[in-house]
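In what follows, a single structure is set out as structure tokens and then discussed.
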Amino acid sequence: MSDLLPNLLQAAPSTTPVRPAVSDPLREAAIELEASFLAEMLKSAGLGEASEGFGGGAGEEQFSSFLIREQATQIARSGGIGLAESLYHALKETQDE
């Protein structure tokens with residue numbers, strides 16, 4: 001049994017996101033902008049609204065915006081809808097001029 005554990009750990013996929021070694025402030029700004037856009041879209045779609053039967057009460061209503069924002073940030077960081085990449089290239093072109 002103890003022989004299986006190293007093999008399982010070795011075969012497990014990495015959960016760390018792939019990120020460039022050097023953080024580019026322009027790319028980070030583009031990702032944050034896409035995350036803000038996605039958060040608004042998720043709110044408009046009704047994500048985070050309290051359920052009728054077994055809702056979390058006032059706490060769920062108060063903290064749902066934080067959950068939506070974090071979900072939108074993770075979507076944007078994992079590639080999102082491509083808005084951040086388009087914004088980054090457009091901003092990079094204007095910065096190079």
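Just so we're on the same page: first chain in the structure tokens is A, next is B, and so on; residues restart at 1 for each chain, and ligands are numbered from 1 in the order they show up.
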
Residues near stretch 79-96 of chain A, anyone? I mean within 12 Å using only C-alpha atoms, not counting same-chain ones fewer than 3 positions away, as an MDAnalysis selection string. chainID A and resid 17:19 24:39 41 71:76

If I take atom CA of A:Leu47 and atom CA of A:Ile68, how far is one from the other in Å, to one decimal?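 For atom CA of A:Leu47 relative to atom CA of A:Ile68, the distance reads 7.3 Å.
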
One-decimal distance in Å that lies between atom CA of A:Ser78 and atom CA of A:Ser23: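 Distance reported for this atom pair: 15.3 Å.
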
What does the distance from atom CA of A:Glu49 to atom CA of A:Phe63 come to in Å, to one decimal?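 Taking atom CA of A:Glu49 as the start and atom CA of A:Phe63 as the end point, the length is 10.7 Å.
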
Fewer than 3 positions away in the same chain doesn't count, so skip those; otherwise give me all residues within 9 Å of A:Ser65, counting only C-alpha atoms, as a list in words.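 Residues near the query, excluding close chain neighbours: Ala39, Lys43, Gly48, Glu61, Gln62, Ile68, Arg69 and Glu70 of chain A.
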